[in-house]
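Note sheet for the following structure.
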Amino acid sequence: MRSHFILIFMLGMLIIGCKNKTTENPCIKNIIAQDELLGKVRNNICKTQSLSKAISDYTQGMRHLILVGCPQEFNDAFETHIVAWENMIPIADKYPEERGEMHDIFDRIKAKSDKDFDDQLQSIWDSWAQVEKQFK
């Protein structure tokens, strides 16, 4: 499965230049496009592997993105976002049997009233809002 994740990511990298984002900074544009590709893989790989593994692979992929040339404010916000996702892994470990599209899994976990999950998910959304401030 990991090889599929890497293959999809690499293929996506080849078409990034065709994407049109709102930012004028090419580094930010590139990172956001790559994160979008990683996120699509993450969202769907949960159909065949655990949520924890999908998030772990996603964060490892984000850590391999090259932020050289991006403004420090963006780099800081992106790092905070990665850490927020990494902090979700031990919480996701409580749900090893869950399979499906990631957002569907999240909806099922939310229905279980897991405060740790809810708090960490909010941290992910808050950190993404900070990333978005850098490219909108």
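All residue names refer to the structure tokens as shown: chains lettered A, B, ... in order, residues numbered from 1 in each chain, ligands numbered from 1 in order.
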
Could the residues of stretch 80-105 of chain A that have an atom at most 8 Å from stretch 55-63 of chain A be listed as a tab-separated table, each with its closest atom pair and the distance in Å to one decimal, counting only C-alpha atoms and ordered by chain and ascending residue number?
residue	atom	partner	partner_atom	distance
A:Ile82	CA	A:Thr59	CA	6.0
A:Trp85	CA	A:Thr59	CA	6.8
A:Glu86	CA	A:Thr59	CA	6.5
A:Met88	CA	A:Ile55	CA	7.9
A:Ile89	CA	A:Ile55	CA	6.5

Given the selection you just returned, output its residues as a file containing N, CA and C atoms, formatted as a CSV table (one decimal), in the first residue's frame.
chain,number,residue,atom,x,y,z
A,82,ILE,N,1.2,20.2,10.3
A,82,ILE,CA,1.8,18.8,10.3
A,82,ILE,C,1.7,18.2,11.8
A,85,TRP,N,-1.8,17.1,12.8
A,85,TRP,CA,-2.1,15.8,12.2
A,85,TRP,C,-1.4,14.7,12.9
A,86,GLU,N,-0.1,14.9,13.2
A,86,GLU,CA,0.7,13.9,14.0
A,86,GLU,C,0.1,13.6,15.3
A,88,MET,N,-3.0,13.6,16.0
A,88,MET,CA,-4.2,12.9,15.8
A,88,MET,C,-3.9,11.3,15.7
A,89,ILE,N,-2.7,10.9,15.4
A,89,ILE,CA,-2.4,9.5,15.3
A,89,ILE,C,-2.7,8.7,16.5

Legend entry - Within 12 Å of stretch 108-111 of chain A using only C-alpha atoms, minus same-chain residues under 4 positions, as a ChimeraX atom specification: /A:51,91-104,115-122

Same residues, N, CA and C atoms, output as a PDB file, in the first residue's frame:
ATOM      1  N   LEU A  51      -6.842   4.192   9.780  1.00  0.00           N
ATOM      2  CA  LEU A  51      -6.810   5.649   9.824  1.00  0.00           C
ATOM      3  C   LEU A  51      -5.448   6.128  10.330  1.00  0.00           C
ATOM      4  N   ILE A  91      -4.830   9.203  18.780  1.00  0.00           N
ATOM      5  CA  ILE A  91      -6.287   9.183  18.947  1.00  0.00           C
ATOM      6  C   ILE A  91      -6.901   8.241  17.920  1.00  0.00           C
ATOM      7  N   ALA A  92      -6.407   8.311  16.688  1.00  0.00           N
ATOM      8  CA  ALA A  92      -6.903   7.419  15.633  1.00  0.00           C
ATOM      9  C   ALA A  92      -6.578   5.961  15.948  1.00  0.00           C
ATOM     10  N   ASP A  93      -5.525   5.733  16.721  1.00  0.00           N
ATOM     11  CA  ASP A  93      -5.160   4.371  17.117  1.00  0.00           C
ATOM     12  C   ASP A  93      -6.290   3.672  17.873  1.00  0.00           C
ATOM     13  N   LYS A  94      -7.185   4.436  18.459  1.00  0.00           N
ATOM     14  CA  LYS A  94      -8.314   3.856  19.203  1.00  0.00           C
ATOM     15  C   LYS A  94      -9.374   3.265  18.265  1.00  0.00           C
ATOM     16  N   TYR A  95      -9.227   3.507  16.964  1.00  0.00           N
ATOM     17  CA  TYR A  95     -10.238   3.076  15.994  1.00  0.00           C
ATOM     18  C   TYR A  95      -9.614   2.278  14.850  1.00  0.00           C
ATOM     19  N   PRO A  96      -8.881   1.204  15.160  1.00  0.00           N
ATOM     20  CA  PRO A  96      -8.160   0.470  14.114  1.00  0.00           C
ATOM     21  C   PRO A  96      -9.067  -0.250  13.120  1.00  0.00           C
ATOM     22  N   GLU A  97     -10.304  -0.516  13.505  1.00  0.00           N
ATOM     23  CA  GLU A  97     -11.216  -1.262  12.630  1.00  0.00           C
ATOM     24  C   GLU A  97     -11.933  -0.382  11.611  1.00  0.00           C
ATOM     25  N   GLU A  98     -11.897   0.912  11.795  1.00  0.00           N
ATOM     26  CA  GLU A  98     -12.638   1.821  10.905  1.00  0.00           C
ATOM     27  C   GLU A  98     -12.045   1.810   9.497  1.00  0.00           C
ATOM     28  N   ARG A  99     -12.907   1.688   8.506  1.00  0.00           N
ATOM     29  CA  ARG A  99     -12.511   1.756   7.099  1.00  0.00           C
ATOM     30  C   ARG A  99     -13.531   2.600   6.343  1.00  0.00           C
ATOM     31  N   GLY A 100     -13.063   3.217   5.285  1.00  0.00           N
ATOM     32  CA  GLY A 100     -13.918   4.048   4.448  1.00  0.00           C
ATOM     33  C   GLY A 100     -13.191   5.332   4.099  1.00  0.00           C
ATOM     34  N   GLU A 101     -13.873   6.216   3.434  1.00  0.00           N
ATOM     35  CA  GLU A 101     -13.311   7.522   3.121  1.00  0.00           C
ATOM     36  C   GLU A 101     -13.067   8.246   4.447  1.00  0.00           C
ATOM     37  N   MET A 102     -11.963   8.966   4.555  1.00  0.00           N
ATOM     38  CA  MET A 102     -11.560   9.542   5.834  1.00  0.00           C
ATOM     39  C   MET A 102     -12.635  10.419   6.466  1.00  0.00           C
ATOM     40  N   HIS A 103     -13.282  11.262   5.702  1.00  0.00           N
ATOM     41  CA  HIS A 103     -14.288  12.151   6.286  1.00  0.00           C
ATOM     42  C   HIS A 103     -15.495  11.367   6.802  1.00  0.00           C
ATOM     43  N   ASP A 104     -15.818  10.267   6.163  1.00  0.00           N
ATOM     44  CA  ASP A 104     -16.891   9.395   6.666  1.00  0.00           C
ATOM     45  C   ASP A 104     -16.476   8.763   7.995  1.00  0.00           C
ATOM     46  N   LYS A 115     -14.124  13.275  23.033  1.00  0.00           N
ATOM     47  CA  LYS A 115     -13.670  14.645  23.238  1.00  0.00           C
ATOM     48  C   LYS A 115     -12.241  14.847  22.734  1.00  0.00           C
ATOM     49  N   ASP A 116     -11.356  13.885  22.981  1.00  0.00           N
ATOM     50  CA  ASP A 116      -9.977  14.011  22.496  1.00  0.00           C
ATOM     51  C   ASP A 116      -9.958  14.142  20.976  1.00  0.00           C
ATOM     52  N   PHE A 117     -10.763  13.322  20.316  1.00  0.00           N
ATOM     53  CA  PHE A 117     -10.851  13.381  18.857  1.00  0.00           C
ATOM     54  C   PHE A 117     -11.382  14.740  18.418  1.00  0.00           C
ATOM     55  N   ASP A 118     -12.482  15.165  19.015  1.00  0.00           N
ATOM     56  CA  ASP A 118     -13.089  16.450  18.641  1.00  0.00           C
ATOM     57  C   ASP A 118     -12.102  17.603  18.820  1.00  0.00           C
ATOM     58  N   ASP A 119     -11.397  17.611  19.951  1.00  0.00           N
ATOM     59  CA  ASP A 119     -10.434  18.683  20.219  1.00  0.00           C
ATOM     60  C   ASP A 119      -9.290  18.673  19.211  1.00  0.00           C
ATOM     61  N   GLN A 120      -8.783  17.482  18.910  1.00  0.00           N
ATOM     62  CA  GLN A 120      -7.662  17.409  17.978  1.00  0.00           C
ATOM     63  C   GLN A 120      -8.095  17.736  16.561  1.00  0.00           C
ATOM     64  N   LEU A 121      -9.284  17.324  16.180  1.00  0.00           N
ATOM     65  CA  LEU A 121      -9.789  17.681  14.856  1.00  0.00           C
ATOM     66  C   LEU A 121      -9.926  19.201  14.737  1.00  0.00           C
ATOM     67  N   GLN A 122     -10.392  19.835  15.800  1.00  0.00           N
ATOM     68  CA  GLN A 122     -10.484  21.304  15.787  1.00  0.00           C
ATOM     69  C   GLN A 122      -9.100  21.926  15.652  1.00  0.00           C
TER      70      GLN A 122
END

Legend entry - alpha helix (DSSP H) call set, DSSP backbone run, chain A, as a PyMOL selection string: chain A and resi 2-15+26-45+51-63+72-92+102-110+115-135

Legend entry - Using only C-alpha atoms: which of A:Ala54, A:Cys27, A:Ile105, A:Val83 has the shortest distance to A:Lys40: A:Ala54

Inset, instruction - Work out how far atom CA of A:Asn43 is from atom CA of A:Gln134, in Å to one decimal. - result: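 Computing the Euclidean distance for atom CA of A:Gln134 and atom CA of A:Asn43 yields 23.7 Å.
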
Inset, instruction - Could you jot down the atom CA of A:Gln130 to atom CA of A:Lys47 separation for me, Å, one decimal place? - result: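 Atom CA of A:Lys47 lies 29.2 Å from atom CA of A:Gln130.
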
Inset, instruction - Find the spatial neighbours of A:Pro71, counting only C-alpha atoms, within a cut-off of 12 Å - ignore same-chain residues fewer than 5 positions away - and output them as JSON, numbers by chain. - result: {"A": [24, 25, 26, 27, 28, 29, 31, 76, 77, 78, 131, 134, 135]}

Can I get the selection written as an mmCIF file, in the first residue's frame, with C-alpha atoms?
data_model
loop_
_atom_site.group_PDB
_atom_site.id
_atom_site.type_symbol
_atom_site.label_atom_id
_atom_site.label_comp_id
_atom_site.auth_asym_id
_atom_site.auth_seq_id
_atom_site.Cartn_x
_atom_site.Cartn_y
_atom_site.Cartn_z
ATOM 1 C CA GLU A 24 1.465 34.545 -6.290
ATOM 2 C CA ASN A 25 4.277 32.817 -4.390
ATOM 3 C CA PRO A 26 5.382 29.803 -6.450
ATOM 4 C CA CYS A 27 6.727 27.963 -3.399
ATOM 5 C CA ILE A 28 3.443 28.262 -1.521
ATOM 6 C CA LYS A 29 1.536 27.357 -4.691
ATOM 7 C CA ILE A 31 3.329 23.134 -1.448
ATOM 8 C CA ASP A 76 5.725 27.953 10.580
ATOM 9 C CA ALA A 77 2.005 27.592 9.885
ATOM 10 C CA PHE A 78 2.578 24.479 7.777
ATOM 11 C CA VAL A 131 -1.913 28.001 6.508
ATOM 12 C CA GLN A 134 -0.666 32.668 3.910
ATOM 13 C CA PHE A 135 -2.017 31.955 0.431
#
